Amino acid sequence: MFQLIDAEGAATAPDRLPSPETQLMLYRHMRRIRHFDERAWVLYRQGKMGVFPPFGGMEAAQAGTAATLTPDDWLFPSYRETGAALTYGLPIKQSIAYWRSSPHGWYMPDHLKVTPFYIPIATQYPHAVGAALAERNRGTQNIAMTYIGDGGSSEGDFHEALNFAGALNAPCVFILNNNGWAISVPTRTQTRARDLSKRADGYGIPGVRVDGNDILAVYVVASEAVERARRGEGPTLIETVTYRVKAHTVADDPSRYRTDEDNAGWDAKDPVKRLRTYLLAQGTLTEESDAALLREIEQEFEQALRDADEFPEPKPSEIMDHVFAVPTPQQEQQRAVILEEYGA
Ligand SMILES: Cc1ncc(C[n+]2csc(CCOP(=O)(O)OP(=O)(O)O)c2C)c(N)n1
Ligand SMILES: [Mg+2]
């Protein structure tokens, strides 16, 4: 498993490290998305946000991969990847709107190529291959990056996408965030495979296994895969080995199906703490600059929350808008029923 910084925050391969500026950029992204995750829990409990799938503890796997993209590249996130989408450039207010089920979160800004979060497991993988091939057909060097979980990697769409991408040499980077759980099912019972990166072998594409709580290692591996894809050398599968420290969603109670023993050791591997320890030791970060960064992040979030609060309240019938350009007779009928029950 590829690693550059160990759990104690010490460099294990100093010659492979990205520059101090890049290290700081990655730390900022992790700190910023952790803040989003923490605030989302509070907002949910206050009734100001809907059901949200937390990603706390998985920041390195999300920010370290998405930070390798430009806005000309595609991002196909699953519901777990709010952190990756924020790193890529999705505005915070839009992410809040999405997890409030507000129509203002249903579309993505025109200048970004990020799709809405995929809830049906694995469907994003073949779509990403299609987008990657479309970019190549247009003669660009843009690539597509997509995400899946350990559970999703047992779905047919995952395997079809890898084969499709390998056969057609698609400029696509596949991220498999192995966080140990698919809701209440541990990876070890969900599949007999023990190294999910090896699934790439079956499709003739490179598979890389990386410490998913070491953002510098994740970033280096993802950058290499992105550059390969841009050069026309085809797809890569990256398995990040991490852990879902938090619940499946804010509405889930993991104490019903897993024990302290299952979770043991993962808090000590925390990705934010790990990079922080390393940066403080190097002098790239100080207690003062870290505190200032956090203040800036808090202010940015609170402003975005005020902006999100100003989006107009959705009307129940809006749920039928924007499904198809020309609604089907069934949709027209459903819309009429909603209007009758809830009014305009
Ligand atoms: C096609 C499909 N089947 C089942 C579900 C229900 N479901 C939602 S999340 C989930 C577990 C996914 O686990 P994993 O792929 O490991 O992702 P994680 O939640 O750990 O990020 C399941 C089965 C779904 N959303 N879509
Ligand atoms: Mg999982």
# chains A, B, ... in the order shown; residues from 1 in each chain; ligands from 1

$ closest_atom_pairs --of "chain A" --to "ligand 1" --cutoff "9 Å" --atoms "only C-alpha atoms and all ligand atoms" --output "Markdown table"
| residue | atom | partner | partner_atom_place_in_ligand_line | distance |
| --- | --- | --- | --- | --- |
| A:Pro53 | CA | ligand 1 | 19 (O) | 7.7 |
| A:Phe55 | CA | ligand 1 | 21 (O) | 8.2 |
| A:Ser78 | CA | ligand 1 | 21 (O) | 7.6 |
| A:Tyr79 | CA | ligand 1 | 21 (O) | 7.4 |
| A:Arg80 | CA | ligand 1 | 21 (O) | 5.1 |
| A:Glu81 | CA | ligand 1 | 21 (O) | 8.1 |
| A:Tyr118 | CA | ligand 1 | 25 (N) | 8.5 |
| A:Ile119 | CA | ligand 1 | 25 (N) | 5.1 |
| A:Pro120 | CA | ligand 1 | 26 (N) | 3.7 |
| A:Ile121 | CA | ligand 1 | 26 (N) | 4.0 |
| A:Ala122 | CA | ligand 1 | 1 (C) | 6.8 |
| A:Thr123 | CA | ligand 1 | 1 (C) | 7.6 |
| A:Ile148 | CA | ligand 1 | 15 (O) | 5.9 |
| A:Gly149 | CA | ligand 1 | 15 (O) | 3.4 |
| A:Asp150 | CA | ligand 1 | 16 (O) | 4.0 |
| A:Gly151 | CA | ligand 1 | 15 (O) | 3.5 |
| A:Gly152 | CA | ligand 1 | 15 (O) | 3.7 |
| A:Ser153 | CA | ligand 1 | 15 (O) | 6.6 |
| A:Ser154 | CA | ligand 1 | 15 (O) | 8.2 |
| A:Glu155 | CA | ligand 1 | 1 (C) | 7.8 |
| A:Leu176 | CA | ligand 1 | 15 (O) | 8.7 |
| A:Asn177 | CA | ligand 1 | 21 (O) | 7.1 |
| A:Asn178 | CA | ligand 1 | 16 (O) | 6.6 |
| A:Asn179 | CA | ligand 1 | 20 (O) | 5.7 |
| A:Gly180 | CA | ligand 1 | 20 (O) | 7.0 |
| A:Trp181 | CA | ligand 1 | 20 (O) | 5.1 |
| A:Ala182 | CA | ligand 1 | 13 (O) | 3.3 |
| A:Ile183 | CA | ligand 1 | 11 (C) | 4.9 |
| A:Ser184 | CA | ligand 1 | 11 (C) | 8.1 |
| A:Val185 | CA | ligand 1 | 11 (C) | 8.1 |
| A:Pro186 | CA | ligand 1 | 16 (O) | 8.5 |
| A:Thr187 | CA | ligand 1 | 16 (O) | 7.6 |
| A:Tyr243 | CA | ligand 1 | 20 (O) | 8.6 |
| A:Arg244 | CA | ligand 1 | 20 (O) | 6.8 |
| A:His248 | CA | ligand 1 | 19 (O) | 6.0 |
| A:Thr249 | CA | ligand 1 | 19 (O) | 8.3 |

$ write_last_selection --atoms "C-alpha atoms" --output "compact mmCIF listing (two decimals), in the first residue's frame"
# COMPACT_ATOMS: atom_id res chain seq x y z
CA PRO A 53 -24.11 11.06 4.32
CA PHE A 55 -17.55 11.76 5.13
CA SER A 78 -21.55 9.38 -5.32
CA TYR A 79 -23.65 10.65 -2.38
CA ARG A 80 -20.62 10.17 -0.09
CA GLU A 81 -18.48 12.67 -2.03
CA TYR A 118 -25.42 9.71 -7.60
CA ILE A 119 -27.63 7.78 -5.20
CA PRO A 120 -28.24 4.59 -7.28
CA ILE A 121 -25.05 2.70 -6.49
CA ALA A 122 -22.47 2.36 -9.30
CA THR A 123 -24.46 4.06 -12.08
CA ILE A 148 -17.50 4.40 -5.80
CA GLY A 149 -17.52 2.59 -2.46
CA ASP A 150 -16.35 -0.90 -1.52
CA GLY A 151 -19.96 -2.08 -1.68
CA GLY A 152 -20.51 -0.49 -5.07
CA SER A 153 -17.49 -2.32 -6.45
CA SER A 154 -19.52 -5.55 -6.26
CA GLU A 155 -22.19 -4.11 -8.59
CA LEU A 176 -12.77 3.26 -5.13
CA ASN A 177 -13.08 4.55 -1.59
CA ASN A 178 -12.88 1.44 0.55
CA ASN A 179 -14.23 2.65 3.90
CA GLY A 180 -14.81 -0.82 5.34
CA TRP A 181 -18.61 -0.72 5.29
CA ALA A 182 -21.61 -0.80 2.96
CA ILE A 183 -24.21 0.49 5.45
CA SER A 184 -24.15 -2.39 8.00
CA VAL A 185 -22.23 -4.91 5.85
CA PRO A 186 -18.46 -5.06 6.41
CA THR A 187 -16.23 -5.35 3.33
CA TYR A 243 -12.66 3.96 7.19
CA ARG A 244 -16.19 5.25 7.63
CA HIS A 248 -23.78 5.75 7.08
CA THR A 249 -26.00 8.83 7.14

$ select_by_dssp --residues "stretch 171-280 of chain A" --states "alpha helix (DSSP H)" --output "PyMOL selection string"
chain A and resi 187-190+215-230+260-263+271-280

$ closest_residue --among "A:Pro77, A:Gly105, A:Gly156, A:Pro312" --to "A:Phe117" --atoms "only C-alpha atoms"
A:Pro77

$ residues_around --residues "A:Gln3" --least-positions-apart "4" --cutoff "9 Å" --atoms "only C-alpha atoms" --output "PyMOL selection string"
chain A and resi 11-13+210-212+214+216-218

$ closest_residue --among "A:Val208, A:Met30, A:Met49, A:Val221" --to "A:Ser101" --atoms "only C-alpha atoms"
A:Met49

$ select_by_dssp --residues "stretch 42-223 of chain A" --states "strand (DSSP E or B)" --output "list in words"
Trp74, Leu75, Phe76, Ser78, Val114, Tyr118, Ala144, Met145, Thr146, Tyr147, Ile148, Gly149, Cys172, Val173, Phe174, Ile175, Leu176, Asn177, Asn178, Trp181, Ala182, Val185, Pro186, Gly207, Val208, Arg209, Val210 and Asp211 of chain A

$ closest_residue --among "A:Met1, A:Lys246, A:Ala132, A:Gly50" --to "ligand 2" --atoms "only C-alpha atoms and all ligand atoms"
A:Lys246

$ closest_residue --among "A:Leu133, A:Ile96, A:Ile205, A:Leu280" --to "A:Lys48" --atoms "only C-alpha atoms"
A:Ile96

$ closest_residue --among "A:Met25, A:Glu239, A:Gly202, A:Arg32" --to "ligand 2" --atoms "only C-alpha atoms and all ligand atoms"
A:Glu239

$ residues_around --residues "stretch 302-304 of chain A" --least-positions-apart "3" --cutoff "12 Å" --atoms "only C-alpha atoms" --output "list in words"
His35, Phe36, Arg39, Ala40, Leu43, Leu90, Pro91, Ile92, Lys93, Gln94, Ser95, Ile96, Ala97, Arg295, Glu296, Ile297, Glu298, Gln299, Asp307, Ala308, Asp309, Glu310 and Phe311 of chain A

$ atom_distance --atom1 "atom CA of A:Leu24" --atom2 "atom CA of A:Leu4"
15.3 Å

$ residues_around --residues "A:Thr259" --least-positions-apart "4" --cutoff "12 Å" --atoms "only C-alpha atoms" --output "list in words"
Ser184, Pro186, Val245, Asp253, Pro254, Ser255, Asn263 and Ala264 of chain A

$ closest_residue --among "A:Leu162, A:Glu227, A:Ala344, A:Ser289" --to "A:Asp201" --atoms "only C-alpha atoms"
A:Leu162

$ residues_around --residues "A:Glu21" --least-positions-apart "5" --cutoff "10 Å" --atoms "only C-alpha atoms" --output "PDB file with N, CA and C atoms, in the first residue's frame"
ATOM      1  N   LEU A  26      -3.518  21.270   0.081  1.00  0.00           N
ATOM      2  CA  LEU A  26      -4.290  20.068   0.404  1.00  0.00           C
ATOM      3  C   LEU A  26      -4.819  20.129   1.843  1.00  0.00           C
ATOM      4  N   TYR A  27      -4.019  20.672   2.749  1.00  0.00           N
ATOM      5  CA  TYR A  27      -4.460  20.804   4.142  1.00  0.00           C
ATOM      6  C   TYR A  27      -5.685  21.731   4.210  1.00  0.00           C
ATOM      7  N   THR A 284       5.719  24.481   8.089  1.00  0.00           N
ATOM      8  CA  THR A 284       4.891  24.940   6.962  1.00  0.00           C
ATOM      9  C   THR A 284       3.596  25.548   7.498  1.00  0.00           C
TER      10      THR A 284
END
